[in-house]
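Participant: Supplied in structure tokens, the structure appears directly below.
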Amino acid sequence: MKYLFLHLMLLLEAFNLQAQKKEIAQTPPMGWNSWNYFNCNINENVVKEIADAMVVTGMAAAGYEYVIIDDCWQIDRLQDGTLVADPLRFPNGIKVLADYVHSKGLKFGIYSDAGKLTCQKRPGSLNYEAIDAKTFSEWGVDYIKYDWCHHGLNKASTLYPILGDQLYQLDREIVYSVCNWGWGDPWEWAPNFAHLWRTTWDIEPCFDCRGNIIHKSVEEIIDLNEPLAAFAKPGAWNDPDMLEVGNGNLTKEENIAHFSLWCMMAAPLIAGNDLRSMDEEVLKILTNKDMLVINQDPLGVQGFRIYEDPSFEIWIKPLINGGKAFCFFNRGNEIIDYLIDWKSLLPKHSRYEIFNVWDAMFLANAALQTQIILMPNSVEVFRLELAE
């Protein structure tokens, strides 16, 4: 009975947090996270080099601002409960590293877990939420990814608000990322205290593979995240996991499709590749300014399907000032030759200027029809603005 009362009180507190929620992450967060490429093989020098690369490559200028360390940075706790960074990997400590990232004009993110241990069995934050929130703030943390391993019989809707309450009592603005893989429908309760919440299992650098229970392909994640469009809004985002652009064996077409659909879904854009060695093709995809305009649109509406069959889909994303983005997606194995009839897709008596995003050109005779050819696992994206 006592536990039930505590559970109800925590839920009530979570819903009351909405009034205290800091007005940050009003567009989907953009940055980089260490896990997809480095896993546990992360250290101070790598993070510094990534921060340097984010600036030198133009990623920072394009809007990527968070440099986030994932699991494996922590090794123990001091007697007073303060987390200790692995001295071999981070010999100068986390604050010094955060200061370095800040010196580059960037923001710093870190990882913890709502359970006793992290997924890699490092110290988690369960029962240490107040200490960890204070420590992260003192270190200069701007973003926290909070995982969901070794949580025992606790419910996510009970544990996640505890750290949220501690974070929002701080003077520092910290983006709070709930990462419980969609268990317990976080889109229903996390928006009250978090800025983003994972909707799926971890992503795999594979576009359309099937059969992995824990890791999901790009296509599988799209199918899981798309139905949740109604829950996304400024300051509260569905998170279909970090980007795999530039990782694995994804083709150029698949990288473009992956990035385009994340932008259409108003997803956080957290790169997961090695920024130090990416080629020009990957960089151009990640920094395509016209796709980023769609993703960062201040209206904050998540795109959704308006047509689908087993191999072909049409997506729409409403934009500010009556604009629209359309994505035509071939998820099949055959080339598709398709005639877009703009009159059937647009409101009557409205005139739009239509811009082909990946070809970077406006269409002539845009009010009529456009022929497109879609290779397997590819997209064409158009941004439409009301004509004067």
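Going by the structure tokens order, chains are called A, B, ..., each with residues numbered from 1, while ligands are numbered from 1 in the order shown.
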Would you pick out the contacts of A:Glu65 at 9 Å or less, using only C-alpha atoms, so that residues sharing its chain but fewer than 6 positions from it are not included, and give the list as a list in words?

Facilitator: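 Listing them by chain and then by number gives Pro29, Met30, Gly31, Trp32, Met54, Met59, Gly105, Leu106, Lys107 and Phe108 of chain A.
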
Participant: For the residues selected in the previous step, produce a file with N, CA and C atoms as a compact mmCIF listing (two decimals), in the first residue's frame.

Facilitator:
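After the write, again-v6.txt holds the following:
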# COMPACT_ATOMS: atom_id res chain seq x y z
N PRO A 29 16.86 18.50 -31.03
CA PRO A 29 18.30 18.64 -30.75
C PRO A 29 19.15 18.05 -31.85
N MET A 30 20.30 18.67 -32.07
CA MET A 30 21.26 18.21 -33.07
C MET A 30 22.63 18.08 -32.41
N GLY A 31 23.32 16.98 -32.72
CA GLY A 31 24.63 16.78 -32.13
C GLY A 31 25.26 15.49 -32.57
N TRP A 32 26.10 14.94 -31.70
CA TRP A 32 26.84 13.70 -31.97
C TRP A 32 26.90 12.89 -30.70
N MET A 54 33.84 18.60 -35.43
CA MET A 54 32.50 19.18 -35.59
C MET A 54 32.59 20.63 -36.05
N MET A 59 30.00 21.06 -39.40
CA MET A 59 28.84 20.48 -38.73
C MET A 59 28.26 21.46 -37.70
N GLY A 105 32.66 26.40 -28.63
CA GLY A 105 31.33 26.94 -28.94
C GLY A 105 30.26 25.87 -28.99
N LEU A 106 30.56 24.69 -28.45
CA LEU A 106 29.64 23.56 -28.48
C LEU A 106 29.09 23.29 -27.08
N LYS A 107 28.16 22.34 -26.99
CA LYS A 107 27.59 21.93 -25.71
C LYS A 107 27.95 20.47 -25.43
N PHE A 108 27.94 20.14 -24.14
CA PHE A 108 28.46 18.83 -23.71
C PHE A 108 27.35 17.96 -23.14

Participant: When you look at A:Pro227 with a cut-off of 10 Å (counting only C-alpha atoms), what residues show up, excluding the ones that are within fewer than 6 positions of it in the same chain? I need them as a ChimeraX atom specification.

Facilitator: /A:302-305

Participant: Under the rule that only C-alpha atoms are counted, which of A:Ile320, A:Leu368, A:Leu269, A:Cys179 is the nearest residue to A:Tyr66?

Facilitator: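 Among the listed residues, A:Leu269 lies closest to A:Tyr66.
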
Participant: Find, counting only C-alpha atoms, the residue in A:Glu385, A:Glu281, A:Glu253, A:Asp337 that gets nearest to A:Ile294.

Facilitator: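 Smallest separation from A:Ile294 among the options: A:Glu385.
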
Participant: Which residue gives the smallest distance to A:Glu188 among A:Phe231, A:Tyr160, A:Phe207, A:Phe136, with only C-alpha atoms counted?

Facilitator: A:Phe231

Participant: Given the choices A:Asp309, A:Asp341, A:Asp147, A:Glu204, which gets closest to A:Trp183 if the distance is worked out from only C-alpha atoms?

Facilitator: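 Looking at the shortest contact to A:Trp183, the residue is A:Asp147.
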
Participant: I want to know what sits within 7 Å of A:Leu196, based on only C-alpha atoms, with residues of the same chain fewer than 2 positions away left out; could you give that as a PyMOL selection string?

Facilitator: chain A and resi 176-178+194+198+236-239

Participant: Can you work out the spacing between atom CA of A:Val47 and atom CA of A:Trp201 in Å, to one decimal?

Facilitator: 25.2 Å

Participant: In Å, rounded to a single decimal, give me how far atom CA of A:Asn39 is from atom CA of A:Asp132.

Facilitator: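 These two atoms are separated by 22.5 Å.
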
Participant: When you look at A:Ala98 with a cut-off of 8 Å (counting only C-alpha atoms), what residues show up, excluding the ones that are within fewer than 4 positions of it in the same chain? I need them as a count of residues only.

Facilitator: 7

Participant: Write down as an NGL selection string the residues of stretch 17-124 of chain A whose backbone DSSP state falls under alpha helix (DSSP H).

Facilitator: :A and (35-38 or 44-56 or 59-62 or 93-103)

Participant: Which of stretch 230-305 of chain A counts as strand (DSSP E) under DSSP, as a list in words please?

Facilitator: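 Everything in stretch 230-305 of chain A that counts as strand (DSSP E) is Trp237, Asn238, Asp239, Leu269, Ile270, Ala271, Phe304 and Arg305 of chain A.
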
Participant: Restricting the calculation to only C-alpha atoms: of A:Gln166, A:Asn356, A:His151, A:Ser112, which residue gets closest to A:Lys134?

Facilitator: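 Going through A:Gln166, A:Asn356, A:His151, A:Ser112 one by one, the smallest distance to A:Lys134 is for A:Gln166.
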
Participant: So, with only C-alpha atoms as the atoms that count, which of A:Ala53, A:Ile340, A:Leu346, A:Ala25 lies closest to A:Thr370?

Facilitator: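 For A:Thr370, the nearest of the given residues is A:Ile340.
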
Participant: Would you work out the distance separating atom CA of A:Ile372 from atom CA of A:Tyr338, expressed in Å to one decimal?

Facilitator: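 Taking atom CA of A:Ile372 as the start and atom CA of A:Tyr338 as the end point, the length is 5.4 Å.
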
Participant: Would you list the contacts of A:Lys95 as a ChimeraX atom specification, taking every protein, DNA or RNA residue within 12 Å and counting only C-alpha atoms, but skipping same-chain residues closer than 2 positions in sequence?

Facilitator: /A:44,84-85,90-93,97-102,108-110,135-142

Participant: Put those residues in a file: C-alpha atoms, as a tab-separated table (two decimals), in the first residue's frame.

Facilitator:
chain	number	residue	atom	x	y	z
A	44	GLU	CA	39.13	11.95	-23.65
A	84	VAL	CA	34.10	8.87	-10.80
A	85	ALA	CA	35.24	8.89	-14.42
A	90	PHE	CA	39.43	10.37	-18.90
A	91	PRO	CA	42.54	11.24	-16.87
A	92	ASN	CA	41.65	14.92	-16.53
A	93	GLY	CA	38.05	14.31	-15.45
A	97	LEU	CA	36.55	17.80	-20.99
A	98	ALA	CA	33.26	19.70	-20.83
A	99	ASP	CA	35.21	22.96	-20.62
A	100	TYR	CA	37.13	21.98	-23.76
A	101	VAL	CA	33.90	21.25	-25.65
A	102	HIS	CA	32.45	24.56	-24.49
A	108	PHE	CA	28.46	18.83	-23.71
A	109	GLY	CA	26.34	15.76	-23.07
A	110	ILE	CA	26.74	12.72	-20.85
A	135	THR	CA	27.39	16.72	-10.18
A	136	PHE	CA	26.42	16.94	-13.85
A	137	SER	CA	25.46	20.59	-13.42
A	138	GLU	CA	28.77	21.40	-11.71
A	139	TRP	CA	30.66	19.65	-14.51
A	140	GLY	CA	28.90	21.80	-17.12
A	141	VAL	CA	26.67	19.14	-18.67
A	142	ASP	CA	24.08	20.42	-21.15

Participant: With only C-alpha atoms as the counted atoms, please give the residues lying no more than 12 Å from A:Met265, apart from itself and same-chain residues fewer than 3 positions off, as a tab-separated table (two decimals) with C-alpha atoms, in the first residue's frame.

Facilitator:
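File produced: part-v2.tsv:
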chain	number	residue	atom	x	y	z
A	27	THR	CA	13.42	22.35	-32.26
A	28	PRO	CA	14.84	18.81	-32.40
A	221	ILE	CA	12.33	2.04	-36.85
A	222	ILE	CA	10.51	4.25	-39.35
A	223	ASP	CA	7.47	1.98	-39.08
A	224	LEU	CA	7.55	2.10	-35.28
A	225	ASN	CA	8.03	5.86	-34.98
A	226	GLU	CA	5.69	7.18	-37.70
A	227	PRO	CA	2.39	6.35	-35.92
A	228	LEU	CA	3.42	8.52	-32.94
A	229	ALA	CA	3.38	11.82	-34.84
A	230	ALA	CA	0.63	13.31	-32.70
A	231	PHE	CA	2.85	13.24	-29.59
A	232	ALA	CA	5.67	15.41	-30.98
A	233	LYS	CA	5.73	19.16	-30.44
A	237	TRP	CA	10.20	14.95	-29.45
A	238	ASN	CA	9.81	11.33	-30.48
A	239	ASP	CA	13.32	9.90	-30.72
A	240	PRO	CA	13.77	7.04	-33.23
A	241	ASP	CA	17.42	6.71	-32.11
A	258	HIS	CA	17.58	7.58	-43.69
A	259	PHE	CA	18.53	11.22	-43.08
A	260	SER	CA	15.54	12.56	-45.03
A	261	LEU	CA	12.99	10.52	-43.09
A	262	TRP	CA	14.53	11.50	-39.75
A	268	PRO	CA	16.55	14.63	-33.00
A	269	LEU	CA	19.56	14.54	-35.34
A	291	MET	CA	16.76	19.18	-45.22
A	292	LEU	CA	17.82	20.79	-41.94
A	294	ILE	CA	12.61	20.94	-42.71
A	295	ASN	CA	13.81	19.19	-39.56
A	296	GLN	CA	14.26	22.41	-37.59
A	297	ASP	CA	10.99	23.98	-38.70
A	300	GLY	CA	7.40	21.37	-34.71
A	301	VAL	CA	5.04	18.97	-36.48
A	302	GLN	CA	6.23	15.41	-37.10
A	303	GLY	CA	5.75	14.23	-40.67
A	304	PHE	CA	3.51	11.28	-41.46
A	305	ARG	CA	2.39	9.06	-44.33
A	315	TRP	CA	4.92	11.57	-46.61
A	316	ILE	CA	3.91	15.11	-45.68
A	317	LYS	CA	5.26	17.45	-43.01
A	318	PRO	CA	3.41	20.72	-42.37
A	319	LEU	CA	5.78	23.68	-42.06
A	325	ALA	CA	7.44	19.17	-47.17
A	326	PHE	CA	6.74	16.04	-49.23
A	327	CYS	CA	8.86	12.90	-49.27

Participant: Identify, on the basis of only C-alpha atoms, every residue whose closest approach to A:Leu163 does not exceed 12 Å; exclude the query and any residue fewer than 2 positions from it along the same chain; express the result as a PyMOL selection string.

Facilitator: chain A and resi 10+13-14+17+112-115+124-134+136+144-147+156-161+165-170+174-178+190+193-194

Participant: Filtering to N, CA and C atoms, could you give me those residues as a compact mmCIF listing (two decimals), in the first residue's frame?

Facilitator:
# COMPACT_ATOMS: atom_id res chain seq x y z
N LEU A 10 4.47 10.07 -7.20
CA LEU A 10 5.50 10.36 -8.20
C LEU A 10 4.88 10.68 -9.55
N GLU A 13 3.51 14.11 -9.36
CA GLU A 13 4.61 15.07 -9.44
C GLU A 13 5.10 15.22 -10.87
N ALA A 14 5.15 14.10 -11.61
CA ALA A 14 5.61 14.15 -13.00
C ALA A 14 4.69 15.02 -13.84
N LEU A 17 5.21 18.65 -13.23
CA LEU A 17 6.47 19.20 -13.69
C LEU A 17 6.35 20.01 -14.96
N SER A 112 23.81 8.41 -18.39
CA SER A 112 23.65 7.62 -17.18
C SER A 112 22.46 6.68 -17.37
N ASP A 113 22.06 6.02 -16.30
CA ASP A 113 21.02 4.99 -16.39
C ASP A 113 20.10 5.11 -15.18
N ALA A 114 18.82 4.84 -15.41
CA ALA A 114 17.83 4.92 -14.33
C ALA A 114 17.92 3.75 -13.36
N GLY A 115 18.71 2.72 -13.70
CA GLY A 115 18.87 1.55 -12.84
C GLY A 115 20.10 1.63 -11.97
N GLY A 124 25.02 3.08 -12.16
CA GLY A 124 23.84 3.81 -12.61
C GLY A 124 23.42 4.85 -11.58
N SER A 125 22.31 5.52 -11.84
CA SER A 125 21.91 6.65 -10.99
C SER A 125 20.79 6.33 -10.01
N LEU A 126 20.27 5.09 -9.99
CA LEU A 126 19.19 4.75 -9.08
C LEU A 126 19.61 5.02 -7.63
N ASN A 127 18.79 5.82 -6.94
CA ASN A 127 19.02 6.26 -5.56
C ASN A 127 20.12 7.31 -5.42
N TYR A 128 20.69 7.73 -6.56
CA TYR A 128 21.71 8.78 -6.55
C TYR A 128 21.29 9.96 -7.44
N GLU A 129 20.01 10.06 -7.72
CA GLU A 129 19.55 11.05 -8.70
C GLU A 129 19.92 12.49 -8.31
N ALA A 130 19.73 12.84 -7.05
CA ALA A 130 20.02 14.21 -6.61
C ALA A 130 21.51 14.51 -6.70
N ILE A 131 22.33 13.55 -6.25
CA ILE A 131 23.79 13.74 -6.30
C ILE A 131 24.26 13.86 -7.74
N ASP A 132 23.75 12.98 -8.61
CA ASP A 132 24.21 13.00 -10.00
C ASP A 132 23.76 14.25 -10.74
N ALA A 133 22.54 14.69 -10.50
CA ALA A 133 22.07 15.91 -11.16
C ALA A 133 22.95 17.10 -10.77
N LYS A 134 23.26 17.21 -9.48
CA LYS A 134 24.12 18.30 -8.99
C LYS A 134 25.53 18.18 -9.59
N PHE A 136 26.45 16.64 -12.42
CA PHE A 136 26.42 16.94 -13.85
C PHE A 136 26.36 18.45 -14.09
N ILE A 144 21.60 15.13 -21.08
CA ILE A 144 21.74 13.84 -20.42
C ILE A 144 20.91 12.80 -21.16
N LYS A 145 21.57 11.73 -21.59
CA LYS A 145 20.89 10.55 -22.12
C LYS A 145 20.77 9.56 -20.96
N TYR A 146 19.53 9.15 -20.65
CA TYR A 146 19.25 8.36 -19.45
C TYR A 146 18.68 7.02 -19.86
N ASP A 147 19.46 5.96 -19.70
CA ASP A 147 19.15 4.63 -20.23
C ASP A 147 18.27 3.82 -19.27
N ALA A 156 9.27 2.49 -15.60
CA ALA A 156 9.91 3.67 -16.18
C ALA A 156 9.17 4.95 -15.79
N SER A 157 7.84 4.89 -15.78
CA SER A 157 7.05 6.08 -15.45
C SER A 157 7.21 6.50 -14.00
N THR A 158 7.82 5.62 -13.18
CA THR A 158 8.13 5.96 -11.79
C THR A 158 9.53 6.52 -11.64
N LEU A 159 10.51 5.88 -12.30
CA LEU A 159 11.90 6.28 -12.10
C LEU A 159 12.31 7.53 -12.88
N TYR A 160 11.85 7.65 -14.11
CA TYR A 160 12.32 8.77 -14.93
C TYR A 160 11.95 10.15 -14.39
N PRO A 161 10.76 10.32 -13.80
CA PRO A 161 10.46 11.65 -13.24
C PRO A 161 11.36 12.06 -12.08
N ASP A 165 12.83 15.71 -11.94
CA ASP A 165 12.56 16.67 -10.87
C ASP A 165 13.85 17.32 -10.40
N GLN A 166 14.92 16.53 -10.27
CA GLN A 166 16.20 17.08 -9.83
C GLN A 166 16.80 18.03 -10.87
N LEU A 167 16.69 17.67 -12.12
CA LEU A 167 17.25 18.52 -13.17
C LEU A 167 16.57 19.87 -13.24
N TYR A 168 15.26 19.89 -13.07
CA TYR A 168 14.53 21.14 -13.23
C TYR A 168 14.56 22.00 -11.98
N GLN A 169 15.20 21.50 -10.92
CA GLN A 169 15.48 22.35 -9.77
C GLN A 169 16.82 23.08 -9.90
N LEU A 170 17.58 22.71 -10.92
CA LEU A 170 18.89 23.32 -11.14
C LEU A 170 18.76 24.63 -11.90
N ILE A 174 19.44 21.86 -18.97
CA ILE A 174 19.95 20.56 -19.40
C ILE A 174 18.86 19.82 -20.16
N VAL A 175 19.16 19.44 -21.39
CA VAL A 175 18.23 18.64 -22.17
C VAL A 175 18.17 17.23 -21.57
N TYR A 176 16.96 16.74 -21.38
CA TYR A 176 16.75 15.44 -20.73
C TYR A 176 16.21 14.46 -21.77
N SER A 177 17.02 13.44 -22.07
CA SER A 177 16.67 12.44 -23.08
C SER A 177 16.35 11.11 -22.40
N VAL A 178 15.09 10.71 -22.45
CA VAL A 178 14.64 9.43 -21.89
C VAL A 178 14.94 8.33 -22.91
N ALA A 190 6.37 10.94 -20.70
CA ALA A 190 7.65 11.66 -20.69
C ALA A 190 7.56 13.12 -21.11
N PHE A 193 8.14 16.02 -18.49
CA PHE A 193 9.38 16.41 -17.82
C PHE A 193 10.62 16.22 -18.69
N ALA A 194 10.51 15.55 -19.83
CA ALA A 194 11.66 15.30 -20.70
C ALA A 194 11.50 16.02 -22.03
